[in-house]
Amino acid sequence: FFMSFYYSLTQWNGVTSEVNWVGLYNFAYILTSDEGFRTSFWFTTRYTVAAVLGANLLGFALALALTLPLKSRNVLRTVFFLPNVIAGLLLGFIWQFIFVRGFAAIGQWTGLAFFNLPWLGTAGTAFWGMVIVSVWQMAGYLMVIYIAAIINVPKDLLEAAKIDGANRFHMLKSVIVPLVMPAFTVCLFLAISWSFKVFDLNLSLTKGGPFGSTESVALNIYDEAFQNNRYGLGTAKALVFFVIVAAVTSLQVYFTKRKEVES
C-alpha cells in the first residue's frame with residue numbers, strides 16, 4: 001500500500017529503473033484533465049446504482065419465495081446460486097454469445113423487439129446488458145444471506161401479527177424487513193463493493209465499448225497501467241478509487257446500521 005502511494009507520486013513506465021518524481025501532478029491531472037477517468041467513473045456510478053438495487057431486490061424476492069414450504073426449494077436455491085460460482089471472465093464470454101447469437105435467434109423466431117436490440121452495439125443497451133448479467137450473477141449469493149435472516153425471524157412474532165389481522169404486506173413491512181436489516185447492511189456492502197470494483201465481467205463482455213462508453217474505473221486503471229505503461233498515473237487512479245469506494249461503503253454501513261438500531 002505504501003509503495004503504491006510512492007509510485008502514485010512518480011512517472012514510471014513499469015519497465016526501466018528510471019523513476020521520475022512528479023509530486024501531486026498525477027492527482028491534479030486525474031481531477032482536472034482526465035476525461036477518460038471521469039467518463040469511466042460516471043459509468044461505474046450508474047452501473048453500481050442499477051446493479052445494487054436490482055441484485056438486492058431480486059435476491060430478497062427470491063429469498064421470500066424460497067422460504068415458503070415448496071418441495072423444490074432446495075433445488076431452486078442451488079439453481080439460483082450457481083451463477084455466482086462461475087468466474088466473471090467466463091460469465092462475460094457466455095453472455096456475449098447469448099446477447100449476440102442467442103437473443104438474435106430468439107428474436108428472429110419470435111419477432112419480439114426486445115431480443116432484436118443491438119445489446120452490445122450501443123452505449124445504452126450495452127450498459128443494461130452489463131447490469132442484467134451482474135444482477136443475474138449476484139442475486140443468488142445475496143439470496144442465501146437473506147434466506148438465513150428470514151429463517152431466523154421469530155415465528156411467534158409472525159403468528160402474533162397474523163392474529164392481530166396483519167396481511168402479508170404488513171407483516172413484510174412491519175416485521176420481516178425491520179428484523180432482517182442486518183442482512184440488508186451486509187448485502188448492500190457486498191453489492192456496492194463488487195459493483196464498484198467490476199473488472200473481469202467488463203473486460204470479457206464489452207471490453208469497455210462501444211467507444212469507451214462502458215469502461216469501468218477498474219478497467220480504466222488496468223489500461224492506464226498495463227496498456228499505456230503509465231504505472232504512476234495508474235497507481236494514482238487506484239488510490240483515488242480506493243478512497244472513493246471506502247467513503248461510499250463506510251457511509252452505507254453507517255446509515256444502514258442506524259436503521260438497524262431504529263428498528
# chains A, B, ... in the order shown; residues from 1 in each chain; ligands from 1
$ residues_around --residues "segment 136-152 of chain A" --least-positions-apart "5" --cutoff "7 Å" --atoms "only C-alpha atoms" --output "mmCIF file with C-alpha atoms, in the first residue's frame"
data_model
loop_
_atom_site.group_PDB
_atom_site.id
_atom_site.type_symbol
_atom_site.label_atom_id
_atom_site.label_comp_id
_atom_site.auth_asym_id
_atom_site.auth_seq_id
_atom_site.Cartn_x
_atom_site.Cartn_y
_atom_site.Cartn_z
ATOM 1 C CA ALA A 55 -29.447 -7.593 -7.247
ATOM 2 C CA ASN A 56 -30.806 -6.812 -3.778
ATOM 3 C CA LEU A 58 -34.169 -9.849 -6.844
ATOM 4 C CA GLY A 59 -32.183 -11.590 -4.105
ATOM 5 C CA PHE A 60 -34.687 -10.570 -1.428
ATOM 6 C CA LEU A 62 -36.106 -14.989 -4.261
ATOM 7 C CA ALA A 63 -35.412 -15.399 -0.546
ATOM 8 C CA THR A 67 -38.579 -19.705 2.418
ATOM 9 C CA PHE A 80 -30.198 -19.529 -8.403
ATOM 10 C CA PHE A 81 -26.873 -19.668 -6.537
ATOM 11 C CA PRO A 83 -24.256 -18.206 -11.464
ATOM 12 C CA ASN A 84 -22.171 -16.883 -8.567
ATOM 13 C CA ILE A 176 -39.725 -9.094 8.434
ATOM 14 C CA VAL A 180 -33.547 -8.534 8.598
ATOM 15 C CA ALA A 183 -28.742 -8.702 6.298
ATOM 16 C CA CYS A 187 -25.799 -7.359 1.229
#
$ residues_around --residues "Ala50 of chain A" --least-positions-apart "3" --cutoff "12 Å" --atoms "only C-alpha atoms" --output "ChimeraX atom specification"
/A:43-47,53-58,127-135,191-192,195-196
$ select_by_dssp --residues "segment 68-135 of chain A" --states "alpha helix (DSSP H)" --output "PyMOL selection string"
chain A and resi 73-81+88-97+103-110+123-135
$ closest_residue --among "A:Asp34, A:Glu224, A:Asp156, A:Asp200" --to "Leu90 of chain A" --atoms "only C-alpha atoms"
A:Asp200
$ atom_distance --atom1 "atom CA of Arg168 of chain A" --atom2 "atom CA of Leu66 of chain A"
15.4 Å
$ closest_residue --among "A:Leu205, A:Ala246, A:Leu89, A:Ala236" --to "Tyr29 of chain A" --atoms "only C-alpha atoms"
A:Ala236
$ atom_distance --atom1 "atom CA of Ser8 of chain A" --atom2 "atom CA of Thr48 of chain A"
25.9 Å
$ closest_residue --among "A:Ala28, A:Val153, A:Leu9, A:Ala238" --to "Val177 of chain A" --atoms "only C-alpha atoms"
A:Val153
$ residues_around --residues "Phe211 of chain A" --least-positions-apart "6" --cutoff "12 Å" --atoms "only C-alpha atoms" --output "list in words"
Gly36, Thr39, Ser40, Leu120, Gly121, Thr122, Ala123 and Ala126 of chain A
$ write_last_selection --atoms "N, CA and C atoms" --output "short mmCIF file (atom, residue, chain, number, x, y, z; two decimals), in the first residue's frame"
data_model
loop_
_atom_site.label_atom_id
_atom_site.label_comp_id
_atom_site.auth_asym_id
_atom_site.auth_seq_id
_atom_site.Cartn_x
_atom_site.Cartn_y
_atom_site.Cartn_z
N GLY A 36 -11.16 10.49 -19.66
CA GLY A 36 -11.42 9.06 -19.64
C GLY A 36 -11.78 8.55 -18.26
N THR A 39 -15.30 9.80 -17.35
CA THR A 39 -16.32 9.04 -18.07
C THR A 39 -16.51 7.65 -17.46
N SER A 40 -15.40 7.00 -17.16
CA SER A 40 -15.48 5.66 -16.57
C SER A 40 -16.07 5.71 -15.17
N LEU A 120 -24.98 -5.27 -27.39
CA LEU A 120 -23.62 -4.82 -27.10
C LEU A 120 -23.14 -3.80 -28.13
N GLY A 121 -24.06 -3.29 -28.94
CA GLY A 121 -23.68 -2.40 -30.03
C GLY A 121 -23.85 -0.93 -29.76
N THR A 122 -24.66 -0.56 -28.75
CA THR A 122 -24.84 0.85 -28.43
C THR A 122 -24.54 1.07 -26.94
N ALA A 123 -24.28 2.33 -26.59
CA ALA A 123 -23.92 2.65 -25.21
C ALA A 123 -25.05 2.29 -24.24
N ALA A 126 -25.66 -1.66 -24.12
CA ALA A 126 -24.51 -2.33 -23.50
C ALA A 126 -24.49 -2.10 -22.00
#
$ closest_residue --among "A:Asn229, A:Thr78, A:Thr10, A:Ser193" --to "Val22 of chain A" --atoms "only C-alpha atoms"
A:Thr10
$ residues_around --residues "segment 101-106 of chain A" --least-positions-apart "3" --cutoff "12 Å" --atoms "only C-alpha atoms" --output "VMD selection string"
chain A and resid 93 to 98 109 to 120 129
$ write_last_selection --atoms "N, CA and C atoms" --output "mmCIF file, in the first residue's frame"
data_model
loop_
_atom_site.group_PDB
_atom_site.id
_atom_site.type_symbol
_atom_site.label_atom_id
_atom_site.label_comp_id
_atom_site.auth_asym_id
_atom_site.auth_seq_id
_atom_site.Cartn_x
_atom_site.Cartn_y
_atom_site.Cartn_z
ATOM 1 N N PHE A 93 -17.951 -14.038 -21.385
ATOM 2 C CA PHE A 93 -17.900 -14.669 -22.702
ATOM 3 C C PHE A 93 -19.190 -15.437 -22.996
ATOM 4 N N ILE A 94 -19.739 -16.092 -21.969
ATOM 5 C CA ILE A 94 -21.001 -16.823 -22.156
ATOM 6 C C ILE A 94 -22.122 -15.861 -22.550
ATOM 7 N N TRP A 95 -22.240 -14.765 -21.813
ATOM 8 C CA TRP A 95 -23.315 -13.816 -22.085
ATOM 9 C C TRP A 95 -23.076 -13.008 -23.353
ATOM 10 N N GLN A 96 -21.827 -12.851 -23.740
ATOM 11 C CA GLN A 96 -21.550 -12.208 -25.026
ATOM 12 C C GLN A 96 -22.147 -13.041 -26.159
ATOM 13 N N PHE A 97 -21.974 -14.366 -26.059
ATOM 14 C CA PHE A 97 -22.577 -15.276 -27.049
ATOM 15 C C PHE A 97 -24.100 -15.204 -26.991
ATOM 16 N N ILE A 98 -24.655 -15.149 -25.763
ATOM 17 C CA ILE A 98 -26.117 -15.092 -25.616
ATOM 18 C C ILE A 98 -26.674 -13.817 -26.239
ATOM 19 N N TRP A 109 -37.000 -15.790 -34.336
ATOM 20 C CA TRP A 109 -38.031 -16.816 -34.207
ATOM 21 C C TRP A 109 -39.358 -16.241 -33.704
ATOM 22 N N THR A 110 -39.262 -15.321 -32.716
ATOM 23 C CA THR A 110 -40.469 -14.779 -32.081
ATOM 24 C C THR A 110 -40.913 -13.438 -32.653
ATOM 25 N N GLY A 111 -39.966 -12.695 -33.215
ATOM 26 C CA GLY A 111 -40.293 -11.365 -33.723
ATOM 27 C C GLY A 111 -40.385 -10.297 -32.646
ATOM 28 N N LEU A 112 -39.988 -10.613 -31.415
ATOM 29 C CA LEU A 112 -40.042 -9.653 -30.320
ATOM 30 C C LEU A 112 -38.891 -8.659 -30.436
ATOM 31 N N ALA A 113 -39.215 -7.368 -30.316
ATOM 32 C CA ALA A 113 -38.206 -6.324 -30.488
ATOM 33 C C ALA A 113 -37.131 -6.377 -29.406
ATOM 34 N N PHE A 114 -37.508 -6.846 -28.218
ATOM 35 C CA PHE A 114 -36.561 -6.903 -27.095
ATOM 36 C C PHE A 114 -35.328 -7.719 -27.456
ATOM 37 N N PHE A 115 -35.523 -8.837 -28.122
ATOM 38 C CA PHE A 115 -34.413 -9.722 -28.460
ATOM 39 C C PHE A 115 -33.643 -9.264 -29.696
ATOM 40 N N ASN A 116 -34.214 -8.336 -30.453
ATOM 41 C CA ASN A 116 -33.550 -7.847 -31.659
ATOM 42 C C ASN A 116 -32.741 -6.574 -31.413
ATOM 43 N N LEU A 117 -32.686 -6.126 -30.164
ATOM 44 C CA LEU A 117 -31.895 -4.936 -29.851
ATOM 45 C C LEU A 117 -30.404 -5.227 -30.033
ATOM 46 N N PRO A 118 -29.617 -4.216 -30.425
ATOM 47 C CA PRO A 118 -28.157 -4.407 -30.524
ATOM 48 C C PRO A 118 -27.530 -4.351 -29.129
ATOM 49 N N TRP A 119 -27.654 -5.447 -28.379
ATOM 50 C CA TRP A 119 -27.375 -5.424 -26.956
ATOM 51 C C TRP A 119 -25.973 -4.942 -26.605
ATOM 52 N N LEU A 120 -24.982 -5.268 -27.392
ATOM 53 C CA LEU A 120 -23.616 -4.817 -27.101
ATOM 54 C C LEU A 120 -23.141 -3.802 -28.132
ATOM 55 N N GLY A 129 -27.046 -4.355 -20.627
ATOM 56 C CA GLY A 129 -26.540 -5.718 -20.736
ATOM 57 C C GLY A 129 -25.616 -6.058 -19.578
#
$ closest_residue --among "A:Val245, A:Phe2, A:Met171, A:Gly212" --to "Trp194 of chain A" --atoms "only C-alpha atoms"
A:Val245
$ closest_residue --among "A:Ile244, A:Gly232, A:Ala87, A:Trp42" --to "Trp21 of chain A" --atoms "only C-alpha atoms"
A:Gly232
$ atom_distance --atom1 "atom CA of Glu260 of chain A" --atom2 "atom CA of Phe189 of chain A"
14.4 Å
$ decode --residues "segment 60-75 of chain A" --atoms "all heavy atoms" --output "short mmCIF file (atom, residue, chain, number, x, y, z; two decimals), in the first residue's frame"
data_model
loop_
_atom_site.label_atom_id
_atom_site.label_comp_id
_atom_site.auth_asym_id
_atom_site.auth_seq_id
_atom_site.Cartn_x
_atom_site.Cartn_y
_atom_site.Cartn_z
N PHE A 60 -33.71 -10.56 -2.53
CA PHE A 60 -34.69 -10.57 -1.43
C PHE A 60 -35.99 -11.23 -1.86
O PHE A 60 -36.60 -11.99 -1.10
CB PHE A 60 -34.94 -9.14 -0.95
CG PHE A 60 -35.80 -9.05 0.28
CD1 PHE A 60 -35.36 -9.56 1.49
CD2 PHE A 60 -37.06 -8.48 0.22
CE1 PHE A 60 -36.15 -9.48 2.64
CE2 PHE A 60 -37.86 -8.40 1.35
CZ PHE A 60 -37.40 -8.90 2.56
N ALA A 61 -36.43 -10.96 -3.10
CA ALA A 61 -37.66 -11.58 -3.61
C ALA A 61 -37.50 -13.09 -3.71
O ALA A 61 -38.42 -13.85 -3.34
CB ALA A 61 -38.01 -10.99 -4.98
N LEU A 62 -36.36 -13.55 -4.19
CA LEU A 62 -36.11 -14.99 -4.26
C LEU A 62 -36.08 -15.61 -2.87
O LEU A 62 -36.59 -16.72 -2.66
CB LEU A 62 -34.78 -15.26 -4.98
CG LEU A 62 -34.74 -14.96 -6.48
CD1 LEU A 62 -33.32 -15.11 -7.01
CD2 LEU A 62 -35.69 -15.87 -7.24
N ALA A 63 -35.48 -14.89 -1.92
CA ALA A 63 -35.41 -15.40 -0.55
C ALA A 63 -36.80 -15.54 0.06
O ALA A 63 -37.11 -16.54 0.73
CB ALA A 63 -34.56 -14.47 0.31
N LEU A 64 -37.67 -14.55 -0.19
CA LEU A 64 -39.04 -14.64 0.31
C LEU A 64 -39.77 -15.84 -0.31
O LEU A 64 -40.48 -16.57 0.39
CB LEU A 64 -39.80 -13.35 -0.01
CG LEU A 64 -39.46 -12.12 0.82
CD1 LEU A 64 -40.20 -10.91 0.26
CD2 LEU A 64 -39.81 -12.32 2.28
N ALA A 65 -39.57 -16.03 -1.60
CA ALA A 65 -40.25 -17.14 -2.29
C ALA A 65 -39.73 -18.49 -1.83
O ALA A 65 -40.50 -19.44 -1.66
CB ALA A 65 -40.09 -16.98 -3.80
N LEU A 66 -38.41 -18.58 -1.60
CA LEU A 66 -37.81 -19.88 -1.30
C LEU A 66 -37.73 -20.17 0.20
O LEU A 66 -37.08 -21.13 0.60
CB LEU A 66 -36.42 -19.95 -1.92
CG LEU A 66 -36.41 -19.87 -3.46
CD1 LEU A 66 -35.01 -19.98 -4.01
CD2 LEU A 66 -37.30 -20.95 -4.06
N THR A 67 -38.37 -19.34 1.01
CA THR A 67 -38.58 -19.71 2.42
C THR A 67 -40.01 -20.20 2.63
O THR A 67 -40.38 -20.58 3.74
CB THR A 67 -38.31 -18.51 3.35
OG1 THR A 67 -38.99 -17.35 2.86
CG2 THR A 67 -36.82 -18.22 3.45
N LEU A 68 -40.79 -20.20 1.57
CA LEU A 68 -42.12 -20.81 1.62
C LEU A 68 -41.99 -22.33 1.57
O LEU A 68 -40.97 -22.85 1.08
CB LEU A 68 -42.97 -20.31 0.44
CG LEU A 68 -43.26 -18.80 0.40
CD1 LEU A 68 -43.99 -18.45 -0.89
CD2 LEU A 68 -44.09 -18.38 1.61
N PRO A 69 -42.98 -23.06 2.05
CA PRO A 69 -42.88 -24.54 2.08
C PRO A 69 -43.05 -25.17 0.70
O PRO A 69 -44.06 -25.82 0.41
CB PRO A 69 -44.01 -24.94 3.04
CG PRO A 69 -45.00 -23.83 2.94
CD PRO A 69 -44.21 -22.58 2.73
N LEU A 70 -42.06 -24.95 -0.18
CA LEU A 70 -42.08 -25.55 -1.51
C LEU A 70 -41.25 -26.82 -1.52
O LEU A 70 -40.17 -26.86 -0.93
CB LEU A 70 -41.52 -24.56 -2.54
CG LEU A 70 -42.20 -23.19 -2.65
CD1 LEU A 70 -41.41 -22.29 -3.59
CD2 LEU A 70 -43.64 -23.34 -3.13
N LYS A 71 -41.72 -27.84 -2.22
CA LYS A 71 -40.98 -29.10 -2.27
C LYS A 71 -39.65 -28.94 -3.01
O LYS A 71 -38.68 -29.63 -2.71
CB LYS A 71 -41.83 -30.18 -2.95
CG LYS A 71 -43.03 -30.63 -2.11
CD LYS A 71 -43.79 -31.74 -2.81
CE LYS A 71 -44.96 -32.22 -1.95
NZ LYS A 71 -45.73 -33.32 -2.61
N SER A 72 -39.62 -28.05 -3.99
CA SER A 72 -38.42 -27.91 -4.83
C SER A 72 -37.52 -26.75 -4.39
O SER A 72 -36.64 -26.35 -5.14
CB SER A 72 -38.84 -27.69 -6.29
OG SER A 72 -39.65 -26.53 -6.39
N ARG A 73 -37.72 -26.23 -3.17
CA ARG A 73 -36.99 -25.02 -2.80
C ARG A 73 -35.48 -25.25 -2.69
O ARG A 73 -34.70 -24.35 -3.02
CB ARG A 73 -37.53 -24.45 -1.49
CG ARG A 73 -37.37 -25.32 -0.27
CD ARG A 73 -38.00 -24.65 0.93
NE ARG A 73 -37.86 -25.46 2.13
CZ ARG A 73 -38.37 -25.11 3.32
NH1 ARG A 73 -39.04 -23.99 3.45
NH2 ARG A 73 -38.20 -25.91 4.36
N ASN A 74 -35.04 -26.42 -2.25
CA ASN A 74 -33.60 -26.67 -2.16
C ASN A 74 -32.95 -26.73 -3.54
O ASN A 74 -31.85 -26.22 -3.74
CB ASN A 74 -33.34 -27.98 -1.39
CG ASN A 74 -33.66 -27.86 0.08
OD1 ASN A 74 -33.57 -26.77 0.66
ND2 ASN A 74 -34.06 -28.95 0.70
N VAL A 75 -33.66 -27.34 -4.47
CA VAL A 75 -33.14 -27.39 -5.85
C VAL A 75 -33.10 -25.98 -6.44
O VAL A 75 -32.11 -25.59 -7.08
CB VAL A 75 -34.03 -28.30 -6.72
CG1 VAL A 75 -33.58 -28.25 -8.18
CG2 VAL A 75 -33.99 -29.73 -6.20
#
